[in-house]
Amino acid sequence: MEPRNQTSVSEFILLGLSEKPDQETFLFALFLCMYVVTAVGNLLIILAISSDSHLHTPMYFFLANLSLVDFFLATSTVPKMLVVIQTRSKSISYPCCLTQMYFFHFFGIMDSVLIAAMAYDRFVAICHPLHYTTIMSQCLCCLLAGGPWMFSSFISLTHTLLMTCLVFCGSNEIPHYFCDLTPLLRLSCTDTTVNKIFVLIRAGVVIATPFICILASYTRIIVAIMKVPSANGRKKVFSTCSSHLSVVALFYGTPLIYLCPSSVLTAEKEKASAVMYTAVTPMLNPFIYSLRNRDMNRALRKLVNRKISSSS
């Protein structure tokens with residue numbers, strides 16, 4: 001019999017962040033506030049960049065793409081969790097579960113590749129300033145921003161198709177607040193070797209490769225900064241990439257959660273890591289890029305003032 005015909009599970013049960021009812025009201029309020037801040041912050045960044053011609057540069061072009069991806073990354077998981085808490089209906093259909101998994105991985109991969117593209121942009125701007133506009137042409141920017149959409153779609157679709165080949169005939173309870181790959185693999189009744197091999201390949205291509213590119217870019221950047229004669233000059237040059245470094249530390253620092261003591265349940269580690277990826281990082285990125293960025297602050301003020309003037 002074909003594996004797909006053996007699948008007896010038509011829906012899964014999302015156990016959520018906590019199984020304690022008394023914590024659900026607090027979690028609902030917390031994540032609702034975080035999601036609203038994430039949506040407003042990232043959409044404001046996109047509107048400010050698109051409405052201000054002074055920000056039509058490669059750096060802000062990538063930032064607008066990152067904000068869009070962060071918004072969709074949070075949207076792929078948090079609203080469903082809020083609905084589950086509010087309605088107390090923890091079920092999710094098999095097709096919806098796979099769809100959610102697809103979009104979570106799609107936008108997660110996009111985040112990783114876009115952060116690497118932004119590191120390359122900072123490398124060209126600092127190490128080759130005279131050739132910056134020539135190297136970072138409109139064509140290359142579109143390729144660096146558009147390429148990841150197709151690449152992410154391929155990787156995520158492959159994960160999803162491999163998942164449809166598995167059989168789920170036992171427990172249908174997912175100890176998570178959304179349909180993630182690893183918890184689903186644990187529920188499968190059939191061999192998941194191929195899926196796990198592809199997970200390792202994806203980790204090398206999607207996480208390790210961009211991280212190596214970021215390290216290589218910042219190694220060259222540090223060397224270039226050290227050649228600047230004055231301390232003020234070095235500080236000024238470094239300030240142009242400090243925001244991006246903060247985002248890199250936040251994005252790649254999340255796996256450190258898995259280094260906590262082994263006595264902690266694996267499911268709890270996965271939930272903590274997922275919260276960082278899907279809620280905390282998308283919420284903080286707009287603040288990181290706007291608080292110390294004069295151009296972005298000016299564009300945001302102009303946007304807000306324009307909206308206030310038009311409504312009065």
# chains A, B, ... in the order shown; residues from 1 in each chain; ligands from 1
>>> residues_around(residues="segment 246-250 of chain A", least_positions_apart="6", cutoff="9 Å", atoms="only C-alpha atoms", output="PyMOL selection string")
chain A and resi 115-116+211+214+276+281+284-285+288-289
>>> closest_atom_pairs(of="segment 60-125 of chain A", to="segment 232-241 of chain A", cutoff="12 Å", atoms="only C-alpha atoms", output="CSV")
residue,atom,partner,partner_atom,distance
A:Ile115,CA,A:Cys241,CA,11.9
A:Met118,CA,A:Cys241,CA,9.5
A:Ala119,CA,A:Cys241,CA,8.3
A:Tyr120,CA,A:Cys241,CA,10.9
A:Asp121,CA,A:Cys241,CA,9.8
A:Arg122,CA,A:Cys241,CA,6.5
A:Phe123,CA,A:Cys241,CA,9.2
A:Val124,CA,A:Cys241,CA,11.6
A:Ala125,CA,A:Thr240,CA,9.3
>>> write_last_selection(atoms="N, CA, C and O atoms", output="tab-separated table (two decimals), in the first residue's frame")
chain	number	residue	atom	x	y	z
A	115	ILE	N	20.23	38.44	5.24
A	115	ILE	CA	21.22	38.97	6.17
A	115	ILE	C	22.63	38.83	5.59
A	115	ILE	O	23.47	39.72	5.75
A	118	MET	N	23.05	41.51	2.95
A	118	MET	CA	23.27	42.82	3.57
A	118	MET	C	24.73	42.94	4.06
A	118	MET	O	25.31	44.03	4.04
A	119	ALA	N	25.31	41.83	4.49
A	119	ALA	CA	26.72	41.85	4.90
A	119	ALA	C	27.62	42.13	3.70
A	119	ALA	O	28.60	42.89	3.79
A	120	TYR	N	27.28	41.54	2.56
A	120	TYR	CA	28.06	41.80	1.33
A	120	TYR	C	27.93	43.26	0.92
A	120	TYR	O	28.91	43.89	0.49
A	121	ASP	N	26.74	43.83	1.08
A	121	ASP	CA	26.52	45.25	0.77
A	121	ASP	C	27.42	46.12	1.63
A	121	ASP	O	28.03	47.08	1.14
A	122	ARG	N	27.51	45.82	2.93
A	122	ARG	CA	28.37	46.60	3.84
A	122	ARG	C	29.84	46.42	3.48
A	122	ARG	O	30.63	47.36	3.57
A	123	PHE	N	30.22	45.22	3.04
A	123	PHE	CA	31.59	44.95	2.62
A	123	PHE	C	31.97	45.82	1.43
A	123	PHE	O	33.04	46.46	1.41
A	124	VAL	N	31.10	45.87	0.43
A	124	VAL	CA	31.39	46.68	-0.77
A	124	VAL	C	31.43	48.17	-0.41
A	124	VAL	O	32.31	48.90	-0.87
A	125	ALA	N	30.49	48.60	0.45
A	125	ALA	CA	30.43	50.03	0.81
A	125	ALA	C	31.67	50.49	1.56
A	125	ALA	O	32.14	51.62	1.37
>>> closest_residue(among="A:Thr25, A:Ser112, A:Asn195, A:Ser230", to="Thr182 of chain A", atoms="only C-alpha atoms")
A:Asn195
>>> closest_residue(among="A:Leu47, A:Ala117, A:Leu130, A:Val9", to="Cys97 of chain A", atoms="only C-alpha atoms")
A:Val9
>>> residues_around(residues="Leu63 of chain A", least_positions_apart="3", cutoff="9 Å", atoms="only C-alpha atoms", output="short mmCIF file (atom, residue, chain, number, x, y, z; two decimals) with N, CA and C atoms, in the first residue's frame")
data_model
loop_
_atom_site.label_atom_id
_atom_site.label_comp_id
_atom_site.auth_asym_id
_atom_site.auth_seq_id
_atom_site.Cartn_x
_atom_site.Cartn_y
_atom_site.Cartn_z
N ILE A 45 8.75 50.65 8.49
CA ILE A 45 10.06 50.66 7.84
C ILE A 45 9.90 50.60 6.32
N ILE A 46 9.03 49.70 5.86
CA ILE A 46 8.81 49.55 4.41
C ILE A 46 8.22 50.82 3.81
N ILE A 49 10.87 53.73 3.74
CA ILE A 49 11.88 53.55 2.69
C ILE A 49 11.28 53.80 1.31
N PRO A 58 20.93 50.61 -2.14
CA PRO A 58 20.96 49.16 -1.92
C PRO A 58 20.77 48.76 -0.46
N MET A 59 21.39 49.47 0.49
CA MET A 59 21.29 49.10 1.90
C MET A 59 19.83 49.12 2.36
N TYR A 60 19.11 50.17 2.03
CA TYR A 60 17.71 50.29 2.46
C TYR A 60 16.78 49.41 1.62
N LEU A 66 14.01 42.74 4.12
CA LEU A 66 14.11 42.05 5.40
C LEU A 66 12.89 42.32 6.27
N SER A 67 12.43 43.56 6.28
CA SER A 67 11.24 43.91 7.07
C SER A 67 10.00 43.18 6.56
N LEU A 68 9.89 43.07 5.24
CA LEU A 68 8.76 42.35 4.66
C LEU A 68 8.80 40.88 5.05
N LEU A 114 19.07 36.88 3.21
CA LEU A 114 19.05 38.35 3.10
C LEU A 114 20.06 39.00 4.04
N MET A 118 23.05 41.51 2.95
CA MET A 118 23.27 42.82 3.57
C MET A 118 24.73 42.94 4.06
N TYR A 289 17.31 48.93 13.57
CA TYR A 289 17.68 49.69 12.37
C TYR A 289 17.21 51.14 12.40
#
>>> residues_around(residues="His159 of chain A", least_positions_apart="2", cutoff="8 Å", atoms="only C-alpha atoms", output="PyMOL selection string")
chain A and resi 102+155-157+161-163+195+198
>>> write_last_selection(atoms="all heavy atoms", output="compact mmCIF listing (two decimals), in the first residue's frame")
# COMPACT_ATOMS: atom_id res chain seq x y z
N TYR A 102 5.60 24.96 5.53
CA TYR A 102 6.22 25.48 4.31
C TYR A 102 6.57 26.96 4.46
O TYR A 102 7.70 27.37 4.19
CB TYR A 102 5.29 25.28 3.12
CG TYR A 102 5.74 26.01 1.87
CD1 TYR A 102 6.67 25.43 1.01
CD2 TYR A 102 5.25 27.28 1.56
CE1 TYR A 102 7.09 26.10 -0.13
CE2 TYR A 102 5.67 27.95 0.44
CZ TYR A 102 6.60 27.36 -0.41
OH TYR A 102 7.02 28.04 -1.53
N ILE A 155 13.69 24.93 -1.47
CA ILE A 155 14.06 24.18 -0.26
C ILE A 155 12.81 23.85 0.56
O ILE A 155 12.62 22.71 1.02
CB ILE A 155 15.05 24.99 0.61
CG1 ILE A 155 16.36 25.23 -0.16
CG2 ILE A 155 15.33 24.25 1.91
CD1 ILE A 155 17.16 23.98 -0.45
N SER A 156 11.94 24.83 0.75
CA SER A 156 10.73 24.62 1.56
C SER A 156 9.77 23.64 0.91
O SER A 156 9.16 22.80 1.58
CB SER A 156 10.02 25.96 1.80
OG SER A 156 10.88 26.88 2.42
N LEU A 157 9.65 23.75 -0.41
CA LEU A 157 8.77 22.83 -1.13
C LEU A 157 9.30 21.40 -1.05
O LEU A 157 8.51 20.45 -0.90
CB LEU A 157 8.64 23.27 -2.60
CG LEU A 157 7.67 22.45 -3.47
CD1 LEU A 157 6.25 22.53 -2.91
CD2 LEU A 157 7.71 22.96 -4.90
N LEU A 161 7.19 18.28 0.39
CA LEU A 161 6.92 17.07 -0.41
C LEU A 161 7.46 15.82 0.27
O LEU A 161 6.82 14.76 0.22
CB LEU A 161 7.54 17.24 -1.81
CG LEU A 161 6.89 18.30 -2.70
CD1 LEU A 161 7.64 18.43 -4.02
CD2 LEU A 161 5.42 17.97 -2.95
N LEU A 162 8.63 15.93 0.89
CA LEU A 162 9.18 14.78 1.62
C LEU A 162 8.29 14.43 2.81
O LEU A 162 8.14 13.25 3.16
CB LEU A 162 10.60 15.09 2.10
CG LEU A 162 11.70 15.11 1.04
CD1 LEU A 162 13.03 15.56 1.64
CD2 LEU A 162 11.86 13.72 0.41
N MET A 163 7.70 15.44 3.42
CA MET A 163 6.81 15.20 4.56
C MET A 163 5.54 14.47 4.13
O MET A 163 5.00 13.66 4.87
CB MET A 163 6.46 16.54 5.22
CG MET A 163 5.71 16.40 6.54
SD MET A 163 6.69 15.60 7.84
CE MET A 163 7.94 16.86 8.12
N ASN A 195 14.42 12.45 5.17
CA ASN A 195 14.06 13.78 5.68
C ASN A 195 15.17 14.37 6.53
O ASN A 195 15.51 15.56 6.40
CB ASN A 195 12.78 13.70 6.51
CG ASN A 195 11.60 13.15 5.73
OD1 ASN A 195 11.55 11.95 5.44
ND2 ASN A 195 10.66 14.01 5.37
N PHE A 198 18.13 15.47 4.47
CA PHE A 198 17.86 16.75 3.81
C PHE A 198 17.91 17.91 4.80
O PHE A 198 18.31 19.01 4.44
CB PHE A 198 16.49 16.71 3.12
CG PHE A 198 16.25 17.89 2.23
CD1 PHE A 198 16.91 18.01 1.01
CD2 PHE A 198 15.36 18.90 2.59
CE1 PHE A 198 16.71 19.10 0.18
CE2 PHE A 198 15.15 19.99 1.78
CZ PHE A 198 15.83 20.09 0.56
>>> select_by_dssp(residues="segment 73-270 of chain A", states="helix (DSSP H, G or I)", output="PyMOL selection string")
chain A and resi 73-75+78-87+94-127+129-135+138-164+181-187+193-226+231-259+266-270
>>> select_by_dssp(residues="segment 26-273 of chain A", states="strand (DSSP E or B)", output="PDB file with N, CA and C atoms, in the first residue's frame")
ATOM      1  N   SER A  91      -6.746  22.059  17.342  1.00  0.00           N
ATOM      2  CA  SER A  91      -6.574  21.213  16.163  1.00  0.00           C
ATOM      3  C   SER A  91      -6.178  22.032  14.939  1.00  0.00           C
ATOM      4  N   ILE A  92      -5.406  21.402  14.075  1.00  0.00           N
ATOM      5  CA  ILE A  92      -5.035  21.991  12.796  1.00  0.00           C
ATOM      6  C   ILE A  92      -5.034  20.861  11.769  1.00  0.00           C
ATOM      7  N   SER A  93      -5.655  21.082  10.636  1.00  0.00           N
ATOM      8  CA  SER A  93      -5.771  20.019   9.631  1.00  0.00           C
ATOM      9  C   SER A  93      -4.411  19.676   9.043  1.00  0.00           C
ATOM     10  N   GLU A 173      -0.416  14.567  18.593  1.00  0.00           N
ATOM     11  CA  GLU A 173      -0.156  15.733  19.430  1.00  0.00           C
ATOM     12  C   GLU A 173       1.235  16.291  19.174  1.00  0.00           C
ATOM     13  N   ILE A 174       1.289  17.562  18.784  1.00  0.00           N
ATOM     14  CA  ILE A 174       2.555  18.241  18.516  1.00  0.00           C
ATOM     15  C   ILE A 174       2.897  19.119  19.721  1.00  0.00           C
TER      16      ILE A 174
END
>>> residues_around(residues="Phe178 of chain A", least_positions_apart="2", cutoff="8 Å", atoms="only C-alpha atoms", output="ChimeraX atom specification")
/A:14,16,77,80-81,97,100-101,176,180
